[in-house]
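Report on the structure given below.
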Amino acid sequence: ATIHDQKLVRGSGGELHQIAEGDVPVLTTAQGGPVADDQNTLKIGERGPALIDDFHFREKIFHFDHERIPERVVHARGYGAHGFFETYDSLAAYTRADIFQRAGERTPVFVRFSTVAGSKGSFDLARDVRGFAVKFYTKEGNWDLVGNNIPVFFIQDAIKFPDVIHSVKPEPDRAFPQAQSAHDNFWDFISLTPESMHMVMWVMSDRAIPRSFRFMQGFGVHTFRLVNAKDESTFVKFIWKPKLGMQSVVWNEAVKINGADPDFHRRDLWNAIQSGDFPEWELNLQLFDQEFADNFDFDVLDPTKIIPEEILPPVAVGRLVLDRMPDNFFAETEQVAFMTQNVPPGIDFSNDPLLQGRNFSYLDTQLKRLGGPNFTHIPINAPKCPFAHFQQDGHMAMRNPVGRVNYQPNSWNEGPRESPQKGFPAFADQVEGQRARLRAESFADHYSQARQFFISQTATEQRHIVMALTFELSKCENPVIRERMVSHLLNVDETLGAAVADKLGIEQLPEPADAAVRPRDDLPASPALSI
Ligand code: HEM
């Protein structure tokens with residue numbers, strides 16, 4: 001090909017390059033100007049001074065100076081892959097969402113796994129929660145299921161999110177420790193926040209050091225709604241189950257692996273996918289109605305509670321296969337913007353106060369992190385279905401409304417129109433109540449499910465929990481905080497509390513923490529622990 005009489009060759013990505021001597025592409029500036037010398041700045045004489053009219057030098061350094069964008073305020077370290085979701089059977093009885101209408105239908109997805117607390121350059125095998133965020137590019141727009149590998153969360157109300165995250169991150173004066181849980185601030189906050197006890201049990205368990213992303217479960221955590229074509233709503237919890245089963249490493253292994261290969265989880269996913277060994281998960285739903293919700297022991301809007309699978313067995317409705325690594329880590333994995341509020345018609349929210357806060361937070365944070373309102377113009381975030389709206393301008397606008405019309409209603413019969421049939425009619429939930437800063441009584445039992453989790457573990461797994469709590473709390477220097485934690489553990493399970501106290505050298509057992517609701521005593525006690 002030739003442009004302006006210059007001979008051109010195609011580069012590996014299909015782009016056109018000018019030919020340099022020896023038949024290689026010519027290096028150009030971002031403006032396309034060929035570069036004669038990329039080794040030396042423009043100077044007066046051999047020894048300078050350098051000249052400001054060296055536009056190639058200035059452009060090159062300016063661009064380098066701006067390479068970094070803010071890392072995610074949480075979940076900074078992550079790794080993503082492309083794949084597809086395949087629907088097993090029509091779920092039309094429950095939801096009008098197009099993605100669930102046809103058996104065998106495949107929908108492209110992008111998935112990002114992450115740790116929560118560490119910075120972008122932290123090591124993979126930290127004891128931490130893992131993010132499991134899935135962007136489905138459906139025919140009705142993007143659906144983001146932004147979940148974790150643990151089915152509950154630390155807090156019940158999003159207003160506490162900055163506090164729990166501040167407490168987990170390095171302390172502001174000394175900027176350490178990096179390790180999430182091993183410090184006074186974290187245990188101080190946790191010990192003053194009894195609603196976190198259930199989550200703490202999971203985080204101190206083997207779940208928090210997965211062998212790889214391929215061996216992890218994922219959870220949407222909150223109760224969501226499915227809404228069918230007749231506007232009937234069914235509550236739903238989303239669960240991903242890995243085909244490979246679940247596996248973890250033990251702490252000693254994690255410490256060694258972190259030192260020898262801090263990229264262990266990344267490398268595992270890269271190697272598996274590059275060698276054609278595509279990881280798979282099944283999407284399971286726990287479906288229930290208002291009557292189940294009213295009769296369940298706990299509040300289904302409380303994100304610190306699960307609905308046990310023995311009570312409500314999950315149903316597999318489709319599979320997720322990851323089969324392609326991104327071409328470019330930054331363009332895709334770093335710039336992907338997940339947002340809980342991205343739902344297609346037929347999937348709706350519940351009044352879980354944590355979910356509602358998230359629905360505000362994610363849009364806000366993407367605006368900051370990705371530098372403006374046009375982050376949906378970045379290919380990884382753009383829908384893969386046709387879309388049309390009148391949003392325009394702003395930093396980095398790649399597409400603007402075409403033609404005369406950028407508003408509606410208009411008389412020119414141009415541009416998109418809303419569609420009450422196809423569009424997203426929010427479920428007509430009836431809501432009334434006092435306008436106040438309240439928390440429901442039904443959210444007040446902070447220990448029973450923590451106990452259920454602990455006693456559901458095998459003796460070996462229980463030992464690991466005791467060892468994890470002992471290790472983490474031994475890094476906590478303040479004896480008052482340690483004792484306060486033991487007082488909560490005694491409410492979770494007496495044997496657990498006593499074992500941790502013993503290992504920490506606390507001679508006099510504290511009183512069990514004051515609890516608004518005593519933990520249920522109809523649960524079996526755990527057998528004596530021999531550690
Ligand atoms: C990021 C999950 C609670 C704010 C993320 C990511 C996941 C996640 C998986 C990483 C997304 C990615 O890979 O890019 C969860 C879960 C929660 C929870 C499961 C509770 C059930 C919250 C709450 C807030 C919040 C309560 C705020 C009120 C954020 C922010 C980011 C984030 C600001 C960074 C987003 C970005 O810069 O891309 N969360 N989160 N999260 N989350 Fe959450």
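Labeling convention for the structure tokens: chains A, B, ... as they appear, residues from 1 per chain, ligands from 1 in order of appearance.
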Residue contacts of A:Leu145 (9 Å, only C-alpha atoms) excluding same-chain residues fewer than 2 positions away, as a ChimeraX atom specification: /A:132-136,143,147,219-220,238,338-340,342-343
Write out as an NGL selection string the residues lying within 8 Å of stretch 456-462 of chain A, counting only C-alpha atoms and excluding same-chain residues fewer than 2 positions away. :A and (205-206 or 452-454 or 464-466 or 529)
Looking at A:Met396, A:Pro151, A:Leu27, A:Arg417, which one is nearest to A:His56, with distances taken over only C-alpha atoms?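 The shortest atom-to-atom distance to A:His56 comes from A:Leu27.
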Residues contacting ligand 1 - anything with an atom at most 7 Å away, using only C-alpha atoms and all ligand atoms - can you give me those as a ChimeraX atom specification? /A:71-75,78,112-114,131-133,146-148,152-153,158-159,161,220-222,303,336-338,354-355,357-358,361-362,365-366,369
Across A:Ala388, A:Met197, A:Val116, A:Val321, the smallest distance to A:Glu418, with only C-alpha atoms counted, is shown by A:Ala388
As a ChimeraX atom specification, which residues of stretch 219-432 of chain A does DSSP assign to strand (DSSP E)? /A:219,224-227,233-242,280-288,315-324,347-349
In stretch 242-450 of chain A, what's helix (DSSP H, G or I) per DSSP? Answer as a PDB file with N, CA and C atoms, in the first residue's frame?
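What ended up in out-v7.pdb:
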ATOM      1  N   TRP A 251      -1.137 -22.404  55.205  1.00  0.00           N
ATOM      2  CA  TRP A 251      -0.395 -21.160  55.438  1.00  0.00           C
ATOM      3  C   TRP A 251       1.100 -21.301  55.146  1.00  0.00           C
ATOM      4  N   ASN A 252       1.693 -22.421  55.593  1.00  0.00           N
ATOM      5  CA  ASN A 252       3.131 -22.604  55.358  1.00  0.00           C
ATOM      6  C   ASN A 252       3.455 -22.609  53.871  1.00  0.00           C
ATOM      7  N   GLU A 253       2.576 -23.260  53.119  1.00  0.00           N
ATOM      8  CA  GLU A 253       2.786 -23.291  51.659  1.00  0.00           C
ATOM      9  C   GLU A 253       2.638 -21.877  51.093  1.00  0.00           C
ATOM     10  N   ALA A 254       1.614 -21.168  51.557  1.00  0.00           N
ATOM     11  CA  ALA A 254       1.342 -19.822  51.030  1.00  0.00           C
ATOM     12  C   ALA A 254       2.539 -18.904  51.255  1.00  0.00           C
ATOM     13  N   VAL A 255       3.127 -19.001  52.444  1.00  0.00           N
ATOM     14  CA  VAL A 255       4.256 -18.119  52.766  1.00  0.00           C
ATOM     15  C   VAL A 255       5.425 -18.408  51.830  1.00  0.00           C
ATOM     16  N   LYS A 256       5.674 -19.696  51.598  1.00  0.00           N
ATOM     17  CA  LYS A 256       6.798 -20.052  50.702  1.00  0.00           C
ATOM     18  C   LYS A 256       6.499 -19.631  49.267  1.00  0.00           C
ATOM     19  N   ILE A 257       5.299 -19.907  48.826  1.00  0.00           N
ATOM     20  CA  ILE A 257       4.963 -19.580  47.427  1.00  0.00           C
ATOM     21  C   ILE A 257       5.050 -18.074  47.216  1.00  0.00           C
ATOM     22  N   ASN A 258       4.535 -17.304  48.164  1.00  0.00           N
ATOM     23  CA  ASN A 258       4.585 -15.845  48.025  1.00  0.00           C
ATOM     24  C   ASN A 258       6.017 -15.352  47.841  1.00  0.00           C
ATOM     25  N   GLY A 259       6.944 -15.981  48.572  1.00  0.00           N
ATOM     26  CA  GLY A 259       8.342 -15.563  48.448  1.00  0.00           C
ATOM     27  C   GLY A 259       8.941 -15.996  47.121  1.00  0.00           C
ATOM     28  N   ALA A 260       8.638 -17.231  46.713  1.00  0.00           N
ATOM     29  CA  ALA A 260       9.288 -17.778  45.517  1.00  0.00           C
ATOM     30  C   ALA A 260       8.617 -17.282  44.238  1.00  0.00           C
ATOM     31  N   PHE A 264       1.910 -16.407  41.524  1.00  0.00           N
ATOM     32  CA  PHE A 264       1.509 -17.811  41.413  1.00  0.00           C
ATOM     33  C   PHE A 264       0.120 -17.979  40.802  1.00  0.00           C
ATOM     34  N   HIS A 265      -0.855 -17.174  41.249  1.00  0.00           N
ATOM     35  CA  HIS A 265      -2.223 -17.336  40.735  1.00  0.00           C
ATOM     36  C   HIS A 265      -2.345 -16.843  39.293  1.00  0.00           C
ATOM     37  N   ARG A 266      -1.639 -15.746  38.991  1.00  0.00           N
ATOM     38  CA  ARG A 266      -1.646 -15.246  37.614  1.00  0.00           C
ATOM     39  C   ARG A 266      -1.068 -16.277  36.674  1.00  0.00           C
ATOM     40  N   ARG A 267       0.100 -16.777  37.073  1.00  0.00           N
ATOM     41  CA  ARG A 267       0.808 -17.734  36.218  1.00  0.00           C
ATOM     42  C   ARG A 267      -0.067 -18.971  35.982  1.00  0.00           C
ATOM     43  N   ASP A 268      -0.760 -19.411  37.043  1.00  0.00           N
ATOM     44  CA  ASP A 268      -1.604 -20.601  36.938  1.00  0.00           C
ATOM     45  C   ASP A 268      -2.698 -20.393  35.890  1.00  0.00           C
ATOM     46  N   LEU A 269      -3.355 -19.227  35.940  1.00  0.00           N
ATOM     47  CA  LEU A 269      -4.466 -18.990  34.997  1.00  0.00           C
ATOM     48  C   LEU A 269      -3.925 -18.837  33.570  1.00  0.00           C
ATOM     49  N   TRP A 270      -2.841 -18.093  33.450  1.00  0.00           N
ATOM     50  CA  TRP A 270      -2.218 -17.897  32.132  1.00  0.00           C
ATOM     51  C   TRP A 270      -1.830 -19.253  31.528  1.00  0.00           C
ATOM     52  N   ASN A 271      -1.108 -20.072  32.317  1.00  0.00           N
ATOM     53  CA  ASN A 271      -0.625 -21.354  31.798  1.00  0.00           C
ATOM     54  C   ASN A 271      -1.784 -22.267  31.420  1.00  0.00           C
ATOM     55  N   ALA A 272      -2.814 -22.313  32.278  1.00  0.00           N
ATOM     56  CA  ALA A 272      -3.938 -23.213  32.008  1.00  0.00           C
ATOM     57  C   ALA A 272      -4.606 -22.810  30.692  1.00  0.00           C
ATOM     58  N   ILE A 273      -4.895 -21.527  30.546  1.00  0.00           N
ATOM     59  CA  ILE A 273      -5.641 -21.097  29.354  1.00  0.00           C
ATOM     60  C   ILE A 273      -4.771 -21.200  28.106  1.00  0.00           C
ATOM     61  N   GLN A 274      -3.500 -20.811  28.231  1.00  0.00           N
ATOM     62  CA  GLN A 274      -2.624 -20.876  27.045  1.00  0.00           C
ATOM     63  C   GLN A 274      -2.414 -22.315  26.588  1.00  0.00           C
ATOM     64  N   GLN A 290     -41.235 -14.767  48.706  1.00  0.00           N
ATOM     65  CA  GLN A 290     -41.409 -13.920  49.886  1.00  0.00           C
ATOM     66  C   GLN A 290     -41.736 -14.766  51.115  1.00  0.00           C
ATOM     67  N   GLU A 291     -42.515 -15.825  50.905  1.00  0.00           N
ATOM     68  CA  GLU A 291     -42.910 -16.663  52.032  1.00  0.00           C
ATOM     69  C   GLU A 291     -41.691 -17.339  52.663  1.00  0.00           C
ATOM     70  N   PHE A 292     -40.777 -17.836  51.800  1.00  0.00           N
ATOM     71  CA  PHE A 292     -39.540 -18.426  52.323  1.00  0.00           C
ATOM     72  C   PHE A 292     -38.776 -17.354  53.107  1.00  0.00           C
ATOM     73  N   ALA A 293     -38.664 -16.158  52.500  1.00  0.00           N
ATOM     74  CA  ALA A 293     -37.920 -15.074  53.151  1.00  0.00           C
ATOM     75  C   ALA A 293     -38.519 -14.753  54.519  1.00  0.00           C
ATOM     76  N   ASP A 294     -39.859 -14.721  54.602  1.00  0.00           N
ATOM     77  CA  ASP A 294     -40.517 -14.369  55.866  1.00  0.00           C
ATOM     78  C   ASP A 294     -40.288 -15.440  56.933  1.00  0.00           C
ATOM     79  N   ASN A 295     -40.126 -16.702  56.503  1.00  0.00           N
ATOM     80  CA  ASN A 295     -39.983 -17.784  57.480  1.00  0.00           C
ATOM     81  C   ASN A 295     -38.546 -18.182  57.774  1.00  0.00           C
ATOM     82  N   PHE A 329      -2.877  -6.525  28.993  1.00  0.00           N
ATOM     83  CA  PHE A 329      -3.314  -6.508  30.388  1.00  0.00           C
ATOM     84  C   PHE A 329      -3.914  -5.153  30.767  1.00  0.00           C
ATOM     85  N   PHE A 330      -3.227  -4.081  30.402  1.00  0.00           N
ATOM     86  CA  PHE A 330      -3.706  -2.762  30.815  1.00  0.00           C
ATOM     87  C   PHE A 330      -5.039  -2.414  30.154  1.00  0.00           C
ATOM     88  N   ALA A 331      -5.088  -2.611  28.822  1.00  0.00           N
ATOM     89  CA  ALA A 331      -6.280  -2.198  28.069  1.00  0.00           C
ATOM     90  C   ALA A 331      -7.524  -2.915  28.575  1.00  0.00           C
ATOM     91  N   GLU A 332      -7.359  -4.167  28.959  1.00  0.00           N
ATOM     92  CA  GLU A 332      -8.535  -4.963  29.300  1.00  0.00           C
ATOM     93  C   GLU A 332      -8.662  -5.149  30.817  1.00  0.00           C
ATOM     94  N   THR A 333      -7.724  -5.879  31.405  1.00  0.00           N
ATOM     95  CA  THR A 333      -7.870  -6.227  32.831  1.00  0.00           C
ATOM     96  C   THR A 333      -7.815  -4.986  33.726  1.00  0.00           C
ATOM     97  N   GLU A 334      -6.951  -4.040  33.384  1.00  0.00           N
ATOM     98  CA  GLU A 334      -6.814  -2.869  34.246  1.00  0.00           C
ATOM     99  C   GLU A 334      -7.952  -1.866  34.013  1.00  0.00           C
ATOM    100  N   PRO A 353     -28.959  -3.157  52.219  1.00  0.00           N
ATOM    101  CA  PRO A 353     -28.342  -1.824  52.313  1.00  0.00           C
ATOM    102  C   PRO A 353     -26.889  -1.774  51.854  1.00  0.00           C
ATOM    103  N   LEU A 354     -26.237  -2.926  51.804  1.00  0.00           N
ATOM    104  CA  LEU A 354     -24.868  -2.948  51.292  1.00  0.00           C
ATOM    105  C   LEU A 354     -24.896  -2.854  49.759  1.00  0.00           C
ATOM    106  N   LEU A 355     -25.796  -3.603  49.168  1.00  0.00           N
ATOM    107  CA  LEU A 355     -25.945  -3.591  47.705  1.00  0.00           C
ATOM    108  C   LEU A 355     -26.350  -2.202  47.228  1.00  0.00           C
ATOM    109  N   GLN A 356     -27.235  -1.576  47.959  1.00  0.00           N
ATOM    110  CA  GLN A 356     -27.709  -0.259  47.517  1.00  0.00           C
ATOM    111  C   GLN A 356     -26.580   0.766  47.548  1.00  0.00           C
ATOM    112  N   GLY A 357     -25.713   0.669  48.554  1.00  0.00           N
ATOM    113  CA  GLY A 357     -24.548   1.562  48.609  1.00  0.00           C
ATOM    114  C   GLY A 357     -23.592   1.264  47.468  1.00  0.00           C
ATOM    115  N   ARG A 358     -23.425  -0.010  47.160  1.00  0.00           N
ATOM    116  CA  ARG A 358     -22.525  -0.381  46.062  1.00  0.00           C
ATOM    117  C   ARG A 358     -23.045   0.188  44.748  1.00  0.00           C
ATOM    118  N   ASN A 359     -24.345   0.173  44.576  1.00  0.00           N
ATOM    119  CA  ASN A 359     -24.916   0.670  43.323  1.00  0.00           C
ATOM    120  C   ASN A 359     -24.595   2.137  43.085  1.00  0.00           C
ATOM    121  N   PHE A 360     -24.297   2.872  44.133  1.00  0.00           N
ATOM    122  CA  PHE A 360     -23.798   4.248  43.978  1.00  0.00           C
ATOM    123  C   PHE A 360     -22.283   4.257  43.762  1.00  0.00           C
ATOM    124  N   SER A 361     -21.579   3.460  44.564  1.00  0.00           N
ATOM    125  CA  SER A 361     -20.124   3.595  44.654  1.00  0.00           C
ATOM    126  C   SER A 361     -19.383   3.275  43.357  1.00  0.00           C
ATOM    127  N   TYR A 362     -19.829   2.243  42.652  1.00  0.00           N
ATOM    128  CA  TYR A 362     -19.019   1.783  41.515  1.00  0.00           C
ATOM    129  C   TYR A 362     -18.985   2.796  40.370  1.00  0.00           C
ATOM    130  N   LEU A 363     -20.101   3.439  40.072  1.00  0.00           N
ATOM    131  CA  LEU A 363     -20.077   4.447  39.004  1.00  0.00           C
ATOM    132  C   LEU A 363     -19.155   5.597  39.400  1.00  0.00           C
ATOM    133  N   ASP A 364     -19.278   5.989  40.630  1.00  0.00           N
ATOM    134  CA  ASP A 364     -18.482   7.103  41.141  1.00  0.00           C
ATOM    135  C   ASP A 364     -16.982   6.800  41.034  1.00  0.00           C
ATOM    136  N   THR A 365     -16.612   5.586  41.439  1.00  0.00           N
ATOM    137  CA  THR A 365     -15.186   5.259  41.464  1.00  0.00           C
ATOM    138  C   THR A 365     -14.617   5.088  40.057  1.00  0.00           C
ATOM    139  N   GLN A 366     -15.417   4.590  39.112  1.00  0.00           N
ATOM    140  CA  GLN A 366     -14.905   4.419  37.739  1.00  0.00           C
ATOM    141  C   GLN A 366     -14.650   5.776  37.091  1.00  0.00           C
ATOM    142  N   LEU A 367     -15.501   6.734  37.410  1.00  0.00           N
ATOM    143  CA  LEU A 367     -15.352   8.091  36.879  1.00  0.00           C
ATOM    144  C   LEU A 367     -13.980   8.640  37.242  1.00  0.00           C
ATOM    145  N   LYS A 368     -13.590   8.394  38.474  1.00  0.00           N
ATOM    146  CA  LYS A 368     -12.296   8.894  38.961  1.00  0.00           C
ATOM    147  C   LYS A 368     -11.147   8.067  38.379  1.00  0.00           C
ATOM    148  N   ARG A 369     -11.298   6.752  38.441  1.00  0.00           N
ATOM    149  CA  ARG A 369     -10.175   5.881  38.083  1.00  0.00           C
ATOM    150  C   ARG A 369      -9.894   5.926  36.588  1.00  0.00           C
ATOM    151  N   PHE A 375     -15.854   6.223  30.027  1.00  0.00           N
ATOM    152  CA  PHE A 375     -15.137   4.949  30.150  1.00  0.00           C
ATOM    153  C   PHE A 375     -15.868   3.798  29.457  1.00  0.00           C
ATOM    154  N   THR A 376     -17.150   3.991  29.116  1.00  0.00           N
ATOM    155  CA  THR A 376     -17.832   2.933  28.348  1.00  0.00           C
ATOM    156  C   THR A 376     -17.386   2.944  26.881  1.00  0.00           C
ATOM    157  N   HIS A 377     -16.599   3.951  26.469  1.00  0.00           N
ATOM    158  CA  HIS A 377     -16.073   3.944  25.107  1.00  0.00           C
ATOM    159  C   HIS A 377     -14.840   3.048  24.988  1.00  0.00           C
ATOM    160  N   PRO A 379     -13.055  -0.260  24.684  1.00  0.00           N
ATOM    161  CA  PRO A 379     -13.676  -1.484  24.146  1.00  0.00           C
ATOM    162  C   PRO A 379     -14.062  -2.519  25.201  1.00  0.00           C
ATOM    163  N   ILE A 380     -13.258  -2.727  26.236  1.00  0.00           N
ATOM    164  CA  ILE A 380     -13.583  -3.785  27.202  1.00  0.00           C
ATOM    165  C   ILE A 380     -14.877  -3.454  27.974  1.00  0.00           C
ATOM    166  N   ASN A 381     -15.213  -2.183  28.053  1.00  0.00           N
ATOM    167  CA  ASN A 381     -16.415  -1.784  28.796  1.00  0.00           C
ATOM    168  C   ASN A 381     -17.626  -1.535  27.900  1.00  0.00           C
ATOM    169  N   GLU A 441     -34.016  -5.030  63.513  1.00  0.00           N
ATOM    170  CA  GLU A 441     -33.793  -6.032  64.564  1.00  0.00           C
ATOM    171  C   GLU A 441     -33.399  -7.379  63.957  1.00  0.00           C
ATOM    172  N   SER A 442     -33.961  -7.649  62.787  1.00  0.00           N
ATOM    173  CA  SER A 442     -33.702  -8.938  62.135  1.00  0.00           C
ATOM    174  C   SER A 442     -32.255  -9.071  61.647  1.00  0.00           C
ATOM    175  N   PHE A 443     -31.462  -7.998  61.793  1.00  0.00           N
ATOM    176  CA  PHE A 443     -30.039  -8.062  61.417  1.00  0.00           C
ATOM    177  C   PHE A 443     -29.153  -8.307  62.655  1.00  0.00           C
ATOM    178  N   SER A 448     -24.687 -16.661  65.365  1.00  0.00           N
ATOM    179  CA  SER A 448     -25.178 -18.017  65.078  1.00  0.00           C
ATOM    180  C   SER A 448     -24.609 -18.585  63.787  1.00  0.00           C
ATOM    181  N   GLN A 449     -24.580 -17.775  62.734  1.00  0.00           N
ATOM    182  CA  GLN A 449     -24.057 -18.333  61.479  1.00  0.00           C
ATOM    183  C   GLN A 449     -22.539 -18.474  61.526  1.00  0.00           C
ATOM    184  N   ALA A 450     -21.870 -17.633  62.321  1.00  0.00           N
ATOM    185  CA  ALA A 450     -20.426 -17.814  62.507  1.00  0.00           C
ATOM    186  C   ALA A 450     -20.186 -19.183  63.151  1.00  0.00           C
TER     187      ALA A 450
END
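Nearest-residue note for A:Ala426: choosing from A:Ile455, A:Val227, A:Ala316, A:Leu438, the minimum distance belongs to A:Val227, counting only C-alpha atoms.
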One decimal, Å: what's the distance from atom CA of A:Arg77 over to atom CA of A:Thr115, could you say? 5.8 Å
Contacts of A:Glu105 at 7 Å (only C-alpha atoms; same-chain gap of 3+ positions) as a PyMOL selection string: chain A and resi 86-87+102
